[in-house]
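Here's structure_35.cif, which has mmCIF, C-alpha atoms:
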```
data_run
#
loop_
_atom_site.label_atom_id
_atom_site.label_comp_id
_atom_site.auth_asym_id
_atom_site.auth_seq_id
_atom_site.Cartn_x
_atom_site.Cartn_y
_atom_site.Cartn_z
CA MET A 1 72.39 185.77 35.53
CA SER A 2 71.30 188.54 33.21
CA THR A 3 69.47 186.85 30.36
CA LYS A 4 65.68 187.16 30.29
CA TYR A 5 64.34 183.63 30.04
CA GLN A 6 61.56 182.79 27.66
CA LYS A 7 58.69 180.70 28.94
CA LYS A 8 58.35 178.53 25.86
CA GLN A 9 59.98 175.12 25.69
CA GLN A 10 63.76 175.23 25.79
CA THR A 11 66.69 172.91 25.29
CA ILE A 12 69.29 173.54 28.00
CA VAL A 13 72.93 173.37 26.92
CA GLY A 14 76.10 173.57 29.02
CA ILE A 15 79.41 174.35 27.28
CA ASP A 16 82.90 174.03 28.71
CA TYR A 17 84.59 175.97 25.93
CA SER A 18 88.28 175.73 25.20
CA LEU A 19 90.83 175.57 22.39
CA ASN A 20 91.89 171.95 22.80
CA SER A 21 88.94 169.99 24.16
CA PRO A 22 85.63 171.87 24.27
CA ALA A 23 82.73 169.82 25.63
CA ILE A 24 78.98 170.27 25.33
CA CYS A 25 76.21 168.80 27.49
CA ILE A 26 72.72 168.76 25.95
CA VAL A 27 70.05 168.25 28.62
CA GLY A 28 67.20 165.86 27.93
CA ASP A 29 63.60 165.99 29.22
CA ASN A 30 64.88 166.39 32.76
CA PHE A 31 68.30 166.64 34.30
CA ASP A 32 69.65 163.11 34.44
CA PHE A 33 73.05 161.93 33.17
CA ASN A 34 71.46 159.14 31.15
CA LYS A 35 69.10 161.56 29.41
CA CYS A 36 71.83 164.06 28.55
CA SER A 37 74.10 163.77 25.52
CA PHE A 38 77.75 164.81 25.64
CA HIS A 39 79.90 165.96 22.73
CA PHE A 40 83.57 166.93 22.71
CA LEU A 41 86.43 167.70 20.33
CA THR A 42 89.74 165.89 20.58
CA SER A 43 93.03 165.44 18.76
CA LYS A 44 93.48 161.94 20.20
CA LYS A 45 92.43 159.16 17.85
CA LYS A 46 91.49 156.82 20.70
CA HIS A 47 88.94 159.34 21.97
CA ILE A 48 87.09 159.72 18.67
CA GLY A 49 83.80 157.84 18.55
CA LYS A 50 81.01 156.82 20.90
CA PHE A 51 81.55 156.07 24.58
CA GLY A 52 78.75 154.49 26.54
CA LYS A 53 75.29 155.39 25.24
CA ASN A 54 75.49 159.17 25.19
CA ILE A 55 79.08 160.48 24.88
CA PHE A 56 80.50 161.35 21.46
CA GLY A 57 84.03 162.39 20.53
CA TYR A 58 84.82 164.28 17.32
CA GLU A 59 88.19 164.96 15.71
CA ILE A 60 89.47 168.55 15.74
CA LYS A 61 89.84 169.86 12.19
CA ASP A 62 93.20 170.97 10.88
CA TYR A 63 93.72 174.72 10.60
CA ASN A 64 96.25 177.13 9.14
CA THR A 65 95.57 180.26 11.18
CA PRO A 66 94.25 181.00 14.69
CA ILE A 67 91.03 182.52 13.35
CA GLU A 68 90.40 179.42 11.22
CA ARG A 69 90.87 177.36 14.38
CA PHE A 70 88.38 179.49 16.33
CA ASN A 71 85.90 179.40 13.45
CA ASN A 72 86.09 175.61 13.16
CA ILE A 73 85.39 175.15 16.87
CA SER A 74 82.49 177.60 16.92
CA LEU A 75 80.89 176.03 13.84
CA TRP A 76 81.15 172.60 15.46
CA ALA A 77 79.48 173.90 18.64
CA LEU A 78 76.63 175.53 16.71
CA ASP A 79 76.10 172.37 14.65
CA ILE A 80 75.90 170.26 17.82
CA ILE A 81 73.35 172.63 19.37
CA HIS A 82 71.14 172.78 16.29
CA GLU A 83 71.32 169.04 15.63
CA ASN A 84 70.27 168.21 19.20
CA LYS A 85 67.36 170.57 19.76
CA PRO A 86 63.87 170.34 18.24
CA LYS A 87 63.48 172.89 15.42
CA ARG A 88 60.78 174.91 17.16
CA GLU A 89 62.55 175.08 20.48
CA THR A 90 64.92 177.73 21.79
CA ALA A 91 68.31 176.61 23.04
CA GLN A 92 69.32 178.24 26.33
CA VAL A 93 73.11 177.96 26.34
CA PHE A 94 75.26 178.38 29.43
CA ILE A 95 79.00 178.97 29.08
CA GLU A 96 81.53 178.96 31.88
CA GLY A 97 83.09 182.40 32.34
CA TYR A 98 86.83 183.08 32.23
CA SER A 99 88.89 181.73 35.12
CA PHE A 100 91.85 184.10 34.52
CA GLY A 101 94.26 181.25 35.17
CA SER A 102 96.00 181.50 31.81
CA LYS A 103 98.99 183.72 31.13
CA GLY A 104 100.69 185.31 28.15
CA GLN A 105 99.46 184.86 24.60
CA ALA A 106 97.00 182.15 25.65
CA VAL A 107 94.82 184.75 27.40
CA PHE A 108 94.10 186.50 24.09
CA GLN A 109 93.51 183.28 22.16
CA ILE A 110 91.05 182.04 24.79
CA ALA A 111 89.17 185.36 24.71
CA GLU A 112 89.08 185.53 20.90
CA ASN A 113 87.95 181.92 20.67
CA CYS A 114 85.08 182.36 23.13
CA GLY A 115 84.20 185.80 21.77
CA LEU A 116 83.61 184.39 18.30
CA LEU A 117 81.31 181.70 19.70
CA LYS A 118 79.36 184.28 21.74
CA TYR A 119 78.92 186.44 18.65
CA LYS A 120 77.57 183.51 16.65
CA LEU A 121 75.24 182.48 19.48
CA HIS A 122 74.02 186.09 19.72
CA MET A 123 73.29 186.13 15.98
CA SER A 124 71.34 182.86 16.08
CA PRO A 125 67.60 183.63 16.45
CA SER A 126 66.78 180.36 18.23
CA ILE A 127 69.62 180.54 20.77
CA LEU A 128 69.98 182.50 24.00
CA TYR A 129 73.17 182.39 26.02
CA ASP A 130 74.44 183.34 29.45
CA THR A 131 77.67 182.88 31.38
CA VAL A 132 78.23 181.10 34.68
CA VAL A 133 81.06 182.03 37.05
CA PRO A 134 83.57 179.14 37.41
CA SER A 135 83.49 179.24 41.22
CA VAL A 136 79.69 178.88 41.11
CA VAL A 137 80.00 175.76 38.96
CA LYS A 138 82.60 174.27 41.31
CA LYS A 139 80.58 175.05 44.43
CA TYR A 140 77.45 173.66 42.84
CA ALA A 141 79.26 170.42 42.05
CA SER A 142 81.24 169.89 45.23
CA GLY A 143 80.26 172.47 47.83
CA LYS A 144 83.62 174.25 47.37
CA GLY A 145 84.12 177.23 45.07
CA ASN A 146 87.82 176.41 44.70
CA ALA A 147 87.38 172.68 44.00
CA ASP A 148 90.15 171.08 41.98
CA LYS A 149 89.64 168.61 39.13
CA GLN A 150 89.90 165.60 41.45
CA LEU A 151 87.15 166.85 43.75
CA MET A 152 84.97 167.65 40.73
CA TYR A 153 85.54 164.12 39.45
CA ASP A 154 84.75 162.56 42.83
CA SER A 155 81.54 164.59 43.08
CA PHE A 156 80.51 163.64 39.54
CA LYS A 157 81.17 159.96 40.18
CA GLU A 158 79.12 160.08 43.38
CA HIS A 159 76.21 161.94 41.75
CA THR A 160 76.02 159.95 38.50
CA LYS A 161 77.54 156.59 39.49
CA LYS A 162 79.60 156.85 36.29
CA ASP A 163 83.35 156.23 36.20
CA LEU A 164 84.55 158.16 33.16
CA LEU A 165 88.22 157.30 33.72
CA LYS A 166 87.31 153.65 33.35
CA MET A 167 85.05 154.35 30.38
CA PHE A 168 87.88 156.16 28.57
CA ASP A 169 90.57 153.76 29.78
CA MET A 170 92.58 156.57 31.37
CA GLY A 171 94.89 156.29 34.37
CA LYS A 172 94.70 159.91 35.49
CA LEU A 173 92.42 162.91 35.08
CA ASN A 174 92.79 164.78 31.81
CA ASN A 175 90.83 165.77 28.71
CA PRO A 176 88.17 164.90 27.71
CA VAL A 177 86.98 163.57 31.09
CA THR A 178 87.45 166.82 33.00
CA ASP A 179 85.73 168.80 30.23
CA ILE A 180 82.73 166.47 30.10
CA ILE A 181 82.34 166.83 33.86
CA ASP A 182 82.56 170.62 33.66
CA SER A 183 79.96 170.76 30.88
CA TYR A 184 77.67 168.55 32.97
CA TYR A 185 77.79 170.87 35.97
CA ILE A 186 77.52 174.03 33.85
CA ALA A 187 74.36 172.55 32.33
CA LYS A 188 73.09 171.55 35.77
CA VAL A 189 73.52 175.10 37.11
CA GLY A 190 71.74 176.47 34.05
CA TYR A 191 68.96 173.90 34.17
CA GLU A 192 68.11 174.44 37.81
CA ASN A 193 68.28 178.22 37.51
CA THR A 194 65.99 178.10 34.49
CA GLU A 195 63.53 175.77 36.24
CA SER A 196 63.37 178.09 39.26
CA LYS A 197 62.31 180.99 37.00
CA LYS A 198 59.33 179.14 35.47
#
```

structure tokens encoding of this file:
Amino acid sequence: MSTKYQKKQQTIVGIDYSLNSPAICIVGDNFDFNKCSFHFLTSKKKHIGKFGKNIFGYEIKDYNTPIERFNNISLWALDIIHENKPKRETAQVFIEGYSFGSKGQAVFQIAENCGLLKYKLHMSPSILYDTVVPSVVKKYASGKGNADKQLMYDSFKEHTKKDLLKMFDMGKLNNPVTDIIDSYYIAKVGYENTESKK
């Protein structure tokens, strides 16, 4: 990780960024699921609102152009970060790097979407950001750098004792559950790396 970490108090943030269901994990005083707050965007009405004590779903805004779509998502992410960190603290944001699994036009949209967020994070004086390699996140969660979504879910359930499929009344793994789990482990990687540098 390349970012130089500041020693003053920080709010650690993990972001699983995407076009359809980005998710953000804001770490509390220490890394514990119950002290974190989770925020995600969704187009599904049944997933808008509060789930449990600390998971919040927000409706994706309508858009007319791709750049308006990217701008809406990045503004939402910045608002979540600023609303959930003390004013005098720095937010240390960790974003999962590109997995290169997408093909065609989607590759460019994913890059433009994330690039706009990175630019806005870079221009925010109270925010630092760094990227985390996807295989590192997967290995950190499950012990396997090529873990699939099911293994990530099983690891999350074992670590946190939380059954998100049940909480969201879902029969199979999909958004936003997989995104919340990814944001949790991205934040965990960032938190523990930051703590080790103190």

- [ ] Taking the file as shown, find all residues satisfying the PyMOL selection byres ((chain A and resi 114) around 9) and write them as a ChimeraX atom specification.
- [x] /A:17-19,70,74,109-113,115-119

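The spacing separating CA of Lys46 (chain A) from CA of Tyr153 (chain A) amounts to 21.0 Å.
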
Could you state which residues are captured by the PyMOL selection byres ((chain A and resi 135-137) around 9) in this file, as a compact mmCIF listing (two decimals) with C-alpha atoms, in the coordinates of the input?
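Below is the file selection-v4.txt, written as the result:
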```txt
# COMPACT_ATOMS: atom_id res chain seq x y z
CA GLU A 96 81.53 178.96 31.88
CA SER A 99 88.89 181.73 35.12
CA VAL A 132 78.23 181.10 34.68
CA VAL A 133 81.06 182.03 37.05
CA PRO A 134 83.57 179.14 37.41
CA LYS A 138 82.60 174.27 41.31
CA LYS A 139 80.58 175.05 44.43
CA TYR A 140 77.45 173.66 42.84
CA ALA A 141 79.26 170.42 42.05
CA SER A 142 81.24 169.89 45.23
CA LYS A 144 83.62 174.25 47.37
CA GLY A 145 84.12 177.23 45.07
CA ASN A 146 87.82 176.41 44.70
CA ALA A 147 87.38 172.68 44.00
CA ASP A 182 82.56 170.62 33.66
CA TYR A 185 77.79 170.87 35.97
CA ILE A 186 77.52 174.03 33.85
CA LYS A 188 73.09 171.55 35.77
CA VAL A 189 73.52 175.10 37.11
```

TODO: May I ask for the distance between CA of Glu158 (chain A) and CA of Phe56 (chain A), given in Å to one decimal place?
DONE: 22.0 Å

Task: Selection near Gln92 (chain A), 7 Å with only C-alpha atoms, sequence-local residues under 6 positions removed, as number ranges by chain - done: A: 10-13, 127-129

TODO: Work out how far CA of Asp130 (chain A) is from CA of Ile15 (chain A), in Å to one decimal.
DONE: 10.5 Å

Open item on the list: Using all atoms listed in the file, can you tell me which of A:Ile180, A:Gly14, A:Pro66, A:Ser126 comes closest to Phe168 (chain A)?
Closed with: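 Result for the nearest residue to Phe168 (chain A): A:Ile180.
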
Task: Exercise: Thr178 (chain A) partners within 12 Å, all atoms listed in the file, chain neighbours under 3 positions left out, as a ChimeraX atom specification - done: /A:16-18,21-24,40,148-157,163-165,168,170,172-175,181-185

Can you save region 79-90 of chain A of the given block to a file, including all heavy atoms and formatted as a compact mmCIF listing (two decimals), in the first residue's frame?
```txt
# COMPACT_ATOMS: atom_id res chain seq x y z
N ASP A 79 -20.87 11.87 0.54
CA ASP A 79 -21.81 12.28 1.61
C ASP A 79 -21.80 11.28 2.76
O ASP A 79 -21.77 11.68 3.93
CB ASP A 79 -23.24 12.40 1.05
CG ASP A 79 -23.45 13.64 0.21
OD1 ASP A 79 -22.59 14.56 0.26
OD2 ASP A 79 -24.46 13.70 -0.52
N ILE A 80 -21.81 9.99 2.44
CA ILE A 80 -21.77 8.96 3.48
C ILE A 80 -20.50 9.08 4.32
O ILE A 80 -20.54 9.01 5.55
CB ILE A 80 -21.87 7.55 2.86
CG1 ILE A 80 -23.25 7.33 2.23
CG2 ILE A 80 -21.58 6.47 3.91
CD1 ILE A 80 -24.41 7.37 3.19
N ILE A 81 -19.38 9.27 3.66
CA ILE A 81 -18.10 9.39 4.38
C ILE A 81 -18.11 10.59 5.31
O ILE A 81 -17.79 10.48 6.50
CB ILE A 81 -16.92 9.49 3.39
CG1 ILE A 81 -16.77 8.17 2.61
CG2 ILE A 81 -15.62 9.82 4.13
CD1 ILE A 81 -15.84 8.26 1.41
N HIS A 82 -18.51 11.74 4.77
CA HIS A 82 -18.47 12.97 5.58
C HIS A 82 -19.49 12.95 6.72
O HIS A 82 -19.23 13.47 7.80
CB HIS A 82 -18.68 14.20 4.69
CG HIS A 82 -17.48 14.56 3.87
ND1 HIS A 82 -16.28 14.95 4.43
CD2 HIS A 82 -17.28 14.55 2.53
CE1 HIS A 82 -15.40 15.20 3.48
NE2 HIS A 82 -15.97 14.96 2.31
N GLU A 83 -20.64 12.34 6.47
CA GLU A 83 -21.68 12.28 7.51
C GLU A 83 -21.32 11.33 8.64
O GLU A 83 -21.86 11.44 9.74
CB GLU A 83 -23.01 11.83 6.90
CG GLU A 83 -23.67 12.89 6.02
CD GLU A 83 -24.84 12.33 5.24
OE1 GLU A 83 -25.23 11.16 5.48
OE2 GLU A 83 -25.38 13.05 4.37
N ASN A 84 -20.40 10.40 8.38
CA ASN A 84 -20.10 9.36 9.38
C ASN A 84 -18.71 9.46 9.98
O ASN A 84 -18.25 8.54 10.65
CB ASN A 84 -20.29 7.98 8.74
CG ASN A 84 -21.75 7.65 8.54
OD1 ASN A 84 -22.43 7.17 9.44
ND2 ASN A 84 -22.26 7.93 7.34
N LYS A 85 -18.04 10.56 9.76
CA LYS A 85 -16.75 10.77 10.42
C LYS A 85 -16.79 12.08 11.20
O LYS A 85 -17.42 13.05 10.76
CB LYS A 85 -15.60 10.79 9.41
CG LYS A 85 -15.46 12.07 8.63
CD LYS A 85 -14.18 12.09 7.82
CE LYS A 85 -13.96 13.45 7.17
NZ LYS A 85 -13.69 14.51 8.14
N PRO A 86 -16.16 12.13 12.38
CA PRO A 86 -16.07 13.40 13.11
C PRO A 86 -15.40 14.47 12.25
O PRO A 86 -14.49 14.17 11.46
CB PRO A 86 -15.20 13.04 14.32
CG PRO A 86 -15.43 11.57 14.51
CD PRO A 86 -15.57 11.02 13.12
N LYS A 87 -15.83 15.72 12.37
CA LYS A 87 -15.36 16.79 11.50
C LYS A 87 -13.84 16.95 11.52
O LYS A 87 -13.24 17.27 10.51
CB LYS A 87 -16.03 18.11 11.90
CG LYS A 87 -17.48 18.20 11.49
CD LYS A 87 -18.06 19.56 11.80
CE LYS A 87 -19.53 19.63 11.36
NZ LYS A 87 -20.12 20.96 11.65
N ARG A 88 -13.22 16.75 12.66
CA ARG A 88 -11.78 17.00 12.76
C ARG A 88 -10.94 15.78 12.39
O ARG A 88 -9.72 15.86 12.39
CB ARG A 88 -11.43 17.45 14.18
CG ARG A 88 -12.02 18.80 14.53
CD ARG A 88 -11.81 19.15 15.98
NE ARG A 88 -12.47 20.41 16.28
CZ ARG A 88 -11.84 21.55 16.53
NH1 ARG A 88 -10.52 21.59 16.50
NH2 ARG A 88 -12.50 22.65 16.81
N GLU A 89 -11.58 14.69 12.09
CA GLU A 89 -10.84 13.49 11.75
C GLU A 89 -10.60 13.37 10.25
O GLU A 89 -11.34 13.92 9.44
CB GLU A 89 -11.58 12.23 12.23
CG GLU A 89 -11.46 11.98 13.71
CD GLU A 89 -11.96 10.61 14.11
OE1 GLU A 89 -12.17 9.75 13.23
OE2 GLU A 89 -12.15 10.40 15.31
N THR A 90 -9.56 12.62 9.91
CA THR A 90 -9.29 12.26 8.53
C THR A 90 -9.96 10.92 8.25
O THR A 90 -9.95 10.04 9.10
CB THR A 90 -7.78 12.12 8.29
OG1 THR A 90 -7.15 13.38 8.55
CG2 THR A 90 -7.47 11.71 6.87
```
